[in-house]
Amino acid sequence: MKLLISKNLGFCVGVNRAYKLALKTAASGEPVYILGYLVHNQKVIDELGSKGVKTIKNLSEIPKSATGYLIISAHGLPPETYAKAEKTGLKIVDTTCPWVKKPQELAKMLVGEGYHVVIVGDKNHSEVIGIVGWAGGKAQVVENVKDLKKVEFHDKMAVLAQTTQSAANFDAVVNALVSKTNELKMYNTICEATNSMQRSAQDTAKRSEIMFVIGDKKSANTKRLKELCEETGAKTYQIESAADLDMSLTKGFDVVGLTAGASTPESVIEEVVNKLKGS
Ligand code: SF4
């Protein structure tokens, strides 16, 4: 069996930065809280937890007398939550990825200029919730062209992408939006790391008969990688770790491909590679 490993896989630049900042903060010895998941990967959350970093879902979980640090995840926050975070009195460590800041700033600016802002993405994802917040709650989120039924005609419209969107889905929405406005401004805010990871995953999938995509079920970019690999015709499975890998699935295949989402740590990738290689 031949194993093809995608050229770009695992921690992207933004996740790596957030992870390193979190480890550095944990080493301070002071209490550390993270609002929401630092990244969508349970192994990373558990590792940080073992170093005393507490992941919280809501700022109200922070005791009134608390001291120490509050980390903001790579996915960013709406401005009103950011303001509340500052009021906790904790020292803020903002790991919002620069690629996420871009659509946040654009959304704010475009709403201010009177554009109806459409975001192509998952409305329940923390990154998108943050961008909508920067648009003052006025942006409309669509997942794909099927969702465009609910978009009404607006004189001026602008369209942005969740950073982990696939270029093909974003382009399809942009093309369909043309008929719903007199003026359409398009900003492709898909991040470069996502672009190159998706391209190399598809390239690997095209040369493989069966494909494994490693990543947490909550990870948006991992889900997208799986969809893109499936589009090539390769039988594709998403696994969270080596424990999930059922080796019987590889029986009868000569070429097995592998990729991993941007929030998958190297240690998890290594374990899967070793299991596939039978070592
Ligand atoms: S996937 Fe892109 S936007 Fe998201 S953290 Fe990584 S580099 Fe930043």
# chains A, B, ... in the order shown; residues from 1 in each chain; ligands from 1
>>> residues_near_ligand(ligand="ligand 1", cutoff="9 Å", atoms="only C-alpha atoms and all ligand atoms", output="VMD selection string")
chain A and resid 11 to 18 39 74 to 75 96 to 101 127 162 to 164 189 to 195 221 261 to 263
>>> write_last_selection(atoms="N, CA, C and O atoms", output="compact mmCIF listing (two decimals), in the first residue's frame")
# COMPACT_ATOMS: atom_id res chain seq x y z
N PHE A 11 -1.66 22.21 11.66
CA PHE A 11 -1.69 23.59 12.18
C PHE A 11 -1.33 24.62 11.11
O PHE A 11 -0.25 24.58 10.51
N CYS A 12 -2.22 25.58 10.91
CA CYS A 12 -1.92 26.70 10.01
C CYS A 12 -1.21 27.77 10.83
O CYS A 12 -1.11 27.67 12.05
N VAL A 13 -0.79 28.81 10.15
CA VAL A 13 -0.02 29.87 10.81
C VAL A 13 -0.82 30.52 11.95
O VAL A 13 -0.30 30.80 13.02
N GLY A 14 -2.13 30.71 11.73
CA GLY A 14 -2.97 31.37 12.74
C GLY A 14 -3.17 30.51 13.98
O GLY A 14 -3.12 30.99 15.11
N VAL A 15 -3.39 29.22 13.77
CA VAL A 15 -3.59 28.30 14.89
C VAL A 15 -2.28 28.12 15.66
O VAL A 15 -2.25 28.12 16.89
N ASN A 16 -1.20 28.02 14.93
CA ASN A 16 0.11 27.86 15.55
C ASN A 16 0.42 29.05 16.47
O ASN A 16 0.89 28.88 17.59
N ARG A 17 0.10 30.23 15.98
CA ARG A 17 0.34 31.46 16.76
C ARG A 17 -0.52 31.44 18.04
O ARG A 17 -0.04 31.70 19.14
N ALA A 18 -1.80 31.09 17.88
CA ALA A 18 -2.71 31.06 19.02
C ALA A 18 -2.25 30.02 20.05
O ALA A 18 -2.23 30.27 21.26
N VAL A 39 -8.96 26.52 19.57
CA VAL A 39 -9.14 26.01 18.20
C VAL A 39 -10.11 24.84 18.32
O VAL A 39 -10.30 24.32 19.42
N ALA A 74 -8.45 32.24 18.15
CA ALA A 74 -8.07 32.63 16.78
C ALA A 74 -9.28 33.03 15.95
O ALA A 74 -9.16 33.76 14.96
N HIS A 75 -10.49 32.57 16.36
CA HIS A 75 -11.70 32.88 15.58
C HIS A 75 -12.22 34.28 15.84
O HIS A 75 -13.12 34.74 15.13
N THR A 96 -6.72 36.48 18.02
CA THR A 96 -7.51 36.55 16.77
C THR A 96 -6.56 36.55 15.57
O THR A 96 -5.64 37.36 15.49
N CYS A 97 -6.79 35.63 14.65
CA CYS A 97 -5.91 35.51 13.48
C CYS A 97 -6.03 36.77 12.61
O CYS A 97 -7.14 37.25 12.37
N PRO A 98 -4.91 37.29 12.10
CA PRO A 98 -4.97 38.46 11.22
C PRO A 98 -5.88 38.25 10.00
O PRO A 98 -6.52 39.17 9.52
N TRP A 99 -5.99 37.00 9.57
CA TRP A 99 -6.86 36.70 8.42
C TRP A 99 -8.34 36.83 8.80
O TRP A 99 -9.19 37.02 7.95
N VAL A 100 -8.64 36.68 10.07
CA VAL A 100 -10.02 36.84 10.55
C VAL A 100 -10.33 38.32 10.77
O VAL A 100 -11.45 38.78 10.56
N LYS A 101 -9.30 39.06 11.19
CA LYS A 101 -9.51 40.50 11.42
C LYS A 101 -9.93 41.21 10.13
O LYS A 101 -10.68 42.18 10.15
N GLU A 127 -16.29 32.25 14.31
CA GLU A 127 -15.69 33.28 13.45
C GLU A 127 -16.79 34.13 12.80
O GLU A 127 -16.70 35.37 12.76
N GLN A 162 -16.31 33.50 4.95
CA GLN A 162 -15.65 32.92 6.14
C GLN A 162 -14.28 32.44 5.66
O GLN A 162 -14.16 31.92 4.53
N THR A 163 -13.26 32.60 6.48
CA THR A 163 -11.89 32.34 6.01
C THR A 163 -11.66 30.91 5.52
O THR A 163 -10.73 30.66 4.76
N THR A 164 -12.51 29.97 5.97
CA THR A 164 -12.29 28.57 5.62
C THR A 164 -13.21 28.06 4.50
O THR A 164 -13.30 26.86 4.27
N THR A 189 -12.23 36.77 1.17
CA THR A 189 -11.49 36.78 2.44
C THR A 189 -11.11 35.37 2.90
O THR A 189 -10.84 35.15 4.08
N ILE A 190 -11.13 34.43 1.96
CA ILE A 190 -10.65 33.07 2.28
C ILE A 190 -9.15 33.19 2.55
O ILE A 190 -8.44 33.85 1.79
N CYS A 191 -8.68 32.59 3.63
CA CYS A 191 -7.28 32.81 3.99
C CYS A 191 -6.35 31.97 3.11
O CYS A 191 -6.74 30.93 2.59
N GLU A 192 -5.11 32.43 2.99
CA GLU A 192 -4.15 31.77 2.11
C GLU A 192 -3.83 30.35 2.60
O GLU A 192 -3.69 29.43 1.79
N ALA A 193 -3.78 30.19 3.93
CA ALA A 193 -3.49 28.84 4.48
C ALA A 193 -4.59 27.86 4.07
O ALA A 193 -4.31 26.73 3.69
N THR A 194 -5.84 28.31 4.13
CA THR A 194 -6.97 27.46 3.73
C THR A 194 -6.86 27.12 2.25
O THR A 194 -7.03 25.97 1.85
N ASN A 195 -6.59 28.15 1.45
CA ASN A 195 -6.45 27.95 0.01
C ASN A 195 -5.43 26.88 -0.32
O ASN A 195 -5.71 25.93 -1.06
N ASN A 221 -12.89 23.89 8.89
CA ASN A 221 -11.99 23.69 7.74
C ASN A 221 -11.78 22.22 7.46
O ASN A 221 -11.58 21.82 6.31
N GLY A 261 -6.90 18.84 9.04
CA GLY A 261 -7.39 20.21 9.15
C GLY A 261 -6.40 21.13 9.88
O GLY A 261 -5.45 20.66 10.52
N ALA A 262 -6.66 22.42 9.78
CA ALA A 262 -5.73 23.44 10.31
C ALA A 262 -5.63 23.44 11.83
O ALA A 262 -4.73 24.06 12.39
N SER A 263 -6.55 22.73 12.50
CA SER A 263 -6.48 22.70 13.97
C SER A 263 -6.03 21.34 14.50
O SER A 263 -6.16 21.06 15.68
>>> select_by_dssp(residues="stretch 60-211 of chain A", states="helix (DSSP H, G or I)", output="JSON, numbers by chain")
{"A": [60, 61, 79, 80, 81, 82, 83, 84, 85, 86, 87, 98, 99, 100, 101, 102, 103, 104, 105, 106, 107, 108, 109, 110, 111, 112, 126, 127, 128, 129, 130, 131, 132, 133, 134, 145, 146, 147, 148, 149, 150, 167, 168, 169, 170, 171, 172, 173, 174, 175, 176, 177, 178, 179, 180, 192, 193, 194, 195, 196, 197, 198, 199, 200, 201, 202, 203, 204, 205, 206]}
>>> write_last_selection(atoms="C-alpha atoms", output="PDB file, in the first residue's frame")
ATOM      1  CA  SER A  60     -20.033  34.851  33.571  1.00  0.00           C
ATOM      2  CA  GLU A  61     -18.040  31.710  34.479  1.00  0.00           C
ATOM      3  CA  PRO A  79     -16.901  43.853  19.632  1.00  0.00           C
ATOM      4  CA  GLU A  80     -19.546  43.849  22.388  1.00  0.00           C
ATOM      5  CA  THR A  81     -18.151  40.588  23.817  1.00  0.00           C
ATOM      6  CA  TYR A  82     -14.649  42.030  23.551  1.00  0.00           C
ATOM      7  CA  ALA A  83     -15.766  45.075  25.563  1.00  0.00           C
ATOM      8  CA  LYS A  84     -17.288  42.800  28.226  1.00  0.00           C
ATOM      9  CA  ALA A  85     -14.056  40.772  28.303  1.00  0.00           C
ATOM     10  CA  GLU A  86     -12.080  43.939  29.033  1.00  0.00           C
ATOM     11  CA  LYS A  87     -14.399  44.713  31.947  1.00  0.00           C
ATOM     12  CA  PRO A  98      -4.975  38.464  11.219  1.00  0.00           C
ATOM     13  CA  TRP A  99      -6.864  36.705   8.420  1.00  0.00           C
ATOM     14  CA  VAL A 100     -10.024  36.835  10.552  1.00  0.00           C
ATOM     15  CA  LYS A 101      -9.511  40.504  11.420  1.00  0.00           C
ATOM     16  CA  LYS A 102      -9.716  41.350   7.720  1.00  0.00           C
ATOM     17  CA  PRO A 103     -13.407  40.356   7.192  1.00  0.00           C
ATOM     18  CA  GLN A 104     -14.256  41.854  10.623  1.00  0.00           C
ATOM     19  CA  GLU A 105     -12.909  45.265   9.573  1.00  0.00           C
ATOM     20  CA  LEU A 106     -14.448  45.034   6.102  1.00  0.00           C
ATOM     21  CA  ALA A 107     -17.880  44.162   7.521  1.00  0.00           C
ATOM     22  CA  LYS A 108     -17.798  47.183   9.821  1.00  0.00           C
ATOM     23  CA  MET A 109     -16.649  49.516   7.043  1.00  0.00           C
ATOM     24  CA  LEU A 110     -19.123  48.268   4.425  1.00  0.00           C
ATOM     25  CA  VAL A 111     -22.156  48.483   6.708  1.00  0.00           C
ATOM     26  CA  GLY A 112     -21.029  52.032   7.534  1.00  0.00           C
ATOM     27  CA  SER A 126     -17.669  31.522  16.204  1.00  0.00           C
ATOM     28  CA  GLU A 127     -15.693  33.277  13.453  1.00  0.00           C
ATOM     29  CA  VAL A 128     -18.896  34.163  11.582  1.00  0.00           C
ATOM     30  CA  ILE A 129     -20.684  35.208  14.791  1.00  0.00           C
ATOM     31  CA  GLY A 130     -17.748  37.566  15.383  1.00  0.00           C
ATOM     32  CA  ILE A 131     -17.883  39.052  11.862  1.00  0.00           C
ATOM     33  CA  VAL A 132     -21.654  39.589  12.127  1.00  0.00           C
ATOM     34  CA  GLY A 133     -20.985  41.391  15.401  1.00  0.00           C
ATOM     35  CA  TRP A 134     -18.497  43.718  13.689  1.00  0.00           C
ATOM     36  CA  VAL A 145     -26.489  29.252  -3.454  1.00  0.00           C
ATOM     37  CA  LYS A 146     -29.486  27.318  -2.133  1.00  0.00           C
ATOM     38  CA  ASP A 147     -29.632  29.825   0.727  1.00  0.00           C
ATOM     39  CA  LEU A 148     -29.945  32.803  -1.630  1.00  0.00           C
ATOM     40  CA  LYS A 149     -33.748  32.531  -1.756  1.00  0.00           C
ATOM     41  CA  LYS A 150     -33.789  34.493   1.500  1.00  0.00           C
ATOM     42  CA  ALA A 167     -13.280  29.078  -3.394  1.00  0.00           C
ATOM     43  CA  ALA A 168     -15.784  27.227  -5.607  1.00  0.00           C
ATOM     44  CA  ASN A 169     -18.670  27.755  -3.160  1.00  0.00           C
ATOM     45  CA  PHE A 170     -17.781  31.415  -2.665  1.00  0.00           C
ATOM     46  CA  ASP A 171     -17.563  32.022  -6.436  1.00  0.00           C
ATOM     47  CA  ALA A 172     -20.930  30.319  -7.018  1.00  0.00           C
ATOM     48  CA  VAL A 173     -22.610  32.576  -4.426  1.00  0.00           C
ATOM     49  CA  VAL A 174     -20.955  35.705  -5.848  1.00  0.00           C
ATOM     50  CA  ASN A 175     -22.155  34.864  -9.377  1.00  0.00           C
ATOM     51  CA  ALA A 176     -25.704  34.251  -8.169  1.00  0.00           C
ATOM     52  CA  LEU A 177     -25.802  37.473  -6.145  1.00  0.00           C
ATOM     53  CA  VAL A 178     -25.243  39.654  -9.221  1.00  0.00           C
ATOM     54  CA  SER A 179     -28.955  39.485 -10.075  1.00  0.00           C
ATOM     55  CA  LYS A 180     -29.954  40.711  -6.606  1.00  0.00           C
ATOM     56  CA  GLU A 192      -4.146  31.770   2.112  1.00  0.00           C
ATOM     57  CA  ALA A 193      -3.488  28.843   4.480  1.00  0.00           C
ATOM     58  CA  THR A 194      -6.965  27.463   3.732  1.00  0.00           C
ATOM     59  CA  ASN A 195      -6.453  27.946   0.007  1.00  0.00           C
ATOM     60  CA  SER A 196      -3.168  26.070  -0.137  1.00  0.00           C
ATOM     61  CA  MET A 197      -4.359  23.345   2.253  1.00  0.00           C
ATOM     62  CA  GLN A 198      -7.488  22.767   0.144  1.00  0.00           C
ATOM     63  CA  ARG A 199      -5.523  22.715  -3.117  1.00  0.00           C
ATOM     64  CA  SER A 200      -2.997  20.194  -1.828  1.00  0.00           C
ATOM     65  CA  ALA A 201      -5.747  18.032  -0.247  1.00  0.00           C
ATOM     66  CA  GLN A 202      -7.556  17.842  -3.589  1.00  0.00           C
ATOM     67  CA  ASP A 203      -4.325  17.116  -5.401  1.00  0.00           C
ATOM     68  CA  THR A 204      -3.599  14.235  -2.989  1.00  0.00           C
ATOM     69  CA  ALA A 205      -7.187  12.946  -3.217  1.00  0.00           C
ATOM     70  CA  LYS A 206      -7.048  12.907  -7.028  1.00  0.00           C
TER      71      LYS A 206
END
>>> select_by_dssp(residues="stretch 14-66 of chain A", states="strand (DSSP E or B)", output="number ranges by chain")
A: 32-35, 53-56
>>> atom_distance(atom1="atom CA of A:Ala22", atom2="atom CA of A:Lys123")
26.3 Å
>>> atom_distance(atom1="atom CA of A:Leu276", atom2="atom CA of A:Lys20")
28.9 Å
>>> residues_around(residues="stretch 29-37 of chain A", least_positions_apart="2", cutoff="6 Å", atoms="only C-alpha atoms", output="list of chain:residue names")
A:Ala27, A:Val39, A:His40, A:Val53, A:Lys54, A:Thr55, A:Ile56, A:Lys57, A:Gly68, A:Tyr69, A:Leu70, A:Ile71, A:Ile72
>>> write_last_selection(atoms="N, CA and C atoms", output="PDB file, in the first residue's frame")
ATOM      1  N   ALA A  27       2.386  29.310  30.984  1.00  0.00           N
ATOM      2  CA  ALA A  27       3.656  29.197  31.714  1.00  0.00           C
ATOM      3  C   ALA A  27       3.847  30.337  32.718  1.00  0.00           C
ATOM      4  N   VAL A  39      -8.960  26.518  19.566  1.00  0.00           N
ATOM      5  CA  VAL A  39      -9.142  26.013  18.202  1.00  0.00           C
ATOM      6  C   VAL A  39     -10.108  24.844  18.322  1.00  0.00           C
ATOM      7  N   HIS A  40     -10.707  24.437  17.228  1.00  0.00           N
ATOM      8  CA  HIS A  40     -11.649  23.336  17.307  1.00  0.00           C
ATOM      9  C   HIS A  40     -10.911  21.999  17.281  1.00  0.00           C
ATOM     10  N   VAL A  53      -5.052  25.699  32.022  1.00  0.00           N
ATOM     11  CA  VAL A  53      -5.825  26.681  31.255  1.00  0.00           C
ATOM     12  C   VAL A  53      -7.291  26.245  31.225  1.00  0.00           C
ATOM     13  N   LYS A  54      -8.164  27.126  31.695  1.00  0.00           N
ATOM     14  CA  LYS A  54      -9.584  26.750  31.808  1.00  0.00           C
ATOM     15  C   LYS A  54     -10.363  27.291  30.604  1.00  0.00           C
ATOM     16  N   THR A  55     -10.980  26.394  29.844  1.00  0.00           N
ATOM     17  CA  THR A  55     -11.825  26.834  28.725  1.00  0.00           C
ATOM     18  C   THR A  55     -13.226  27.125  29.253  1.00  0.00           C
ATOM     19  N   ILE A  56     -13.711  28.342  28.994  1.00  0.00           N
ATOM     20  CA  ILE A  56     -15.053  28.712  29.463  1.00  0.00           C
ATOM     21  C   ILE A  56     -15.932  29.050  28.256  1.00  0.00           C
ATOM     22  N   LYS A  57     -17.252  28.848  28.436  1.00  0.00           N
ATOM     23  CA  LYS A  57     -18.169  29.140  27.330  1.00  0.00           C
ATOM     24  C   LYS A  57     -18.691  30.566  27.430  1.00  0.00           C
ATOM     25  N   GLY A  68      -5.365  37.276  36.596  1.00  0.00           N
ATOM     26  CA  GLY A  68      -4.687  36.476  35.577  1.00  0.00           C
ATOM     27  C   GLY A  68      -5.040  36.913  34.165  1.00  0.00           C
ATOM     28  N   TYR A  69      -5.149  35.935  33.275  1.00  0.00           N
ATOM     29  CA  TYR A  69      -5.274  36.223  31.844  1.00  0.00           C
ATOM     30  C   TYR A  69      -6.571  35.674  31.253  1.00  0.00           C
ATOM     31  N   LEU A  70      -7.026  36.361  30.231  1.00  0.00           N
ATOM     32  CA  LEU A  70      -8.154  35.856  29.441  1.00  0.00           C
ATOM     33  C   LEU A  70      -7.702  35.804  27.970  1.00  0.00           C
ATOM     34  N   ILE A  71      -7.731  34.601  27.401  1.00  0.00           N
ATOM     35  CA  ILE A  71      -7.302  34.434  26.004  1.00  0.00           C
ATOM     36  C   ILE A  71      -8.511  34.463  25.080  1.00  0.00           C
ATOM     37  N   ILE A  72      -8.370  35.216  24.007  1.00  0.00           N
ATOM     38  CA  ILE A  72      -9.412  35.248  22.971  1.00  0.00           C
ATOM     39  C   ILE A  72      -8.927  34.383  21.816  1.00  0.00           C
TER      40      ILE A  72
END
>>> closest_residue(among="A:Glu227, A:Thr264, A:Glu209, A:Leu48", to="A:Leu249", atoms="only C-alpha atoms")
A:Glu209
>>> decode(residues="stretch 106-131 of chain A", atoms="N, CA and C atoms", output="compact mmCIF listing (two decimals), in the first residue's frame")
# COMPACT_ATOMS: atom_id res chain seq x y z
N LEU A 106 -13.69 44.76 7.33
CA LEU A 106 -14.45 45.03 6.10
C LEU A 106 -15.94 45.11 6.39
N ALA A 107 -16.44 44.18 7.21
CA ALA A 107 -17.88 44.16 7.52
C ALA A 107 -18.29 45.47 8.18
N LYS A 108 -17.49 45.93 9.11
CA LYS A 108 -17.80 47.18 9.82
C LYS A 108 -17.81 48.35 8.83
N MET A 109 -16.78 48.41 7.99
CA MET A 109 -16.65 49.52 7.04
C MET A 109 -17.81 49.52 6.03
N LEU A 110 -18.11 48.35 5.49
CA LEU A 110 -19.12 48.27 4.43
C LEU A 110 -20.53 48.59 4.93
N VAL A 111 -20.84 48.14 6.13
CA VAL A 111 -22.16 48.48 6.71
C VAL A 111 -22.22 50.00 6.90
N GLY A 112 -21.11 50.57 7.35
CA GLY A 112 -21.03 52.03 7.53
C GLY A 112 -21.22 52.78 6.22
N GLU A 113 -20.83 52.16 5.11
CA GLU A 113 -20.97 52.80 3.79
C GLU A 113 -22.33 52.49 3.15
N GLY A 114 -23.19 51.81 3.88
CA GLY A 114 -24.55 51.57 3.38
C GLY A 114 -24.72 50.32 2.53
N TYR A 115 -23.76 49.43 2.55
CA TYR A 115 -23.89 48.18 1.78
C TYR A 115 -24.65 47.12 2.58
N HIS A 116 -25.44 46.33 1.88
CA HIS A 116 -26.02 45.15 2.52
C HIS A 116 -24.93 44.07 2.46
N VAL A 117 -24.44 43.64 3.63
CA VAL A 117 -23.30 42.72 3.67
C VAL A 117 -23.78 41.26 3.76
N VAL A 118 -23.27 40.46 2.85
CA VAL A 118 -23.57 39.02 2.85
C VAL A 118 -22.27 38.28 3.17
N ILE A 119 -22.34 37.37 4.13
CA ILE A 119 -21.16 36.56 4.48
C ILE A 119 -21.43 35.12 4.05
N VAL A 120 -20.52 34.56 3.29
CA VAL A 120 -20.68 33.15 2.88
C VAL A 120 -19.99 32.30 3.94
N GLY A 121 -20.79 31.57 4.71
CA GLY A 121 -20.19 30.77 5.78
C GLY A 121 -21.24 30.09 6.63
N ASP A 122 -20.80 29.61 7.78
CA ASP A 122 -21.67 28.88 8.71
C ASP A 122 -22.09 29.85 9.82
N LYS A 123 -23.38 30.14 9.90
CA LYS A 123 -23.84 31.17 10.84
C LYS A 123 -23.61 30.80 12.32
N ASN A 124 -23.41 29.52 12.58
CA ASN A 124 -23.20 29.10 13.97
C ASN A 124 -21.72 29.04 14.36
N HIS A 125 -20.83 29.29 13.40
CA HIS A 125 -19.40 29.21 13.71
C HIS A 125 -18.95 30.50 14.41
N SER A 126 -18.07 30.34 15.41
CA SER A 126 -17.67 31.52 16.20
C SER A 126 -17.03 32.62 15.35
N GLU A 127 -16.29 32.25 14.31
CA GLU A 127 -15.69 33.28 13.45
C GLU A 127 -16.79 34.13 12.80
N VAL A 128 -17.81 33.45 12.29
CA VAL A 128 -18.90 34.16 11.58
C VAL A 128 -19.72 35.00 12.57
N ILE A 129 -19.96 34.45 13.75
CA ILE A 129 -20.68 35.21 14.79
C ILE A 129 -19.91 36.50 15.09
N GLY A 130 -18.59 36.38 15.14
CA GLY A 130 -17.75 37.57 15.38
C GLY A 130 -17.87 38.59 14.26
N ILE A 131 -17.82 38.12 13.01
CA ILE A 131 -17.88 39.05 11.86
C ILE A 131 -19.24 39.76 11.83
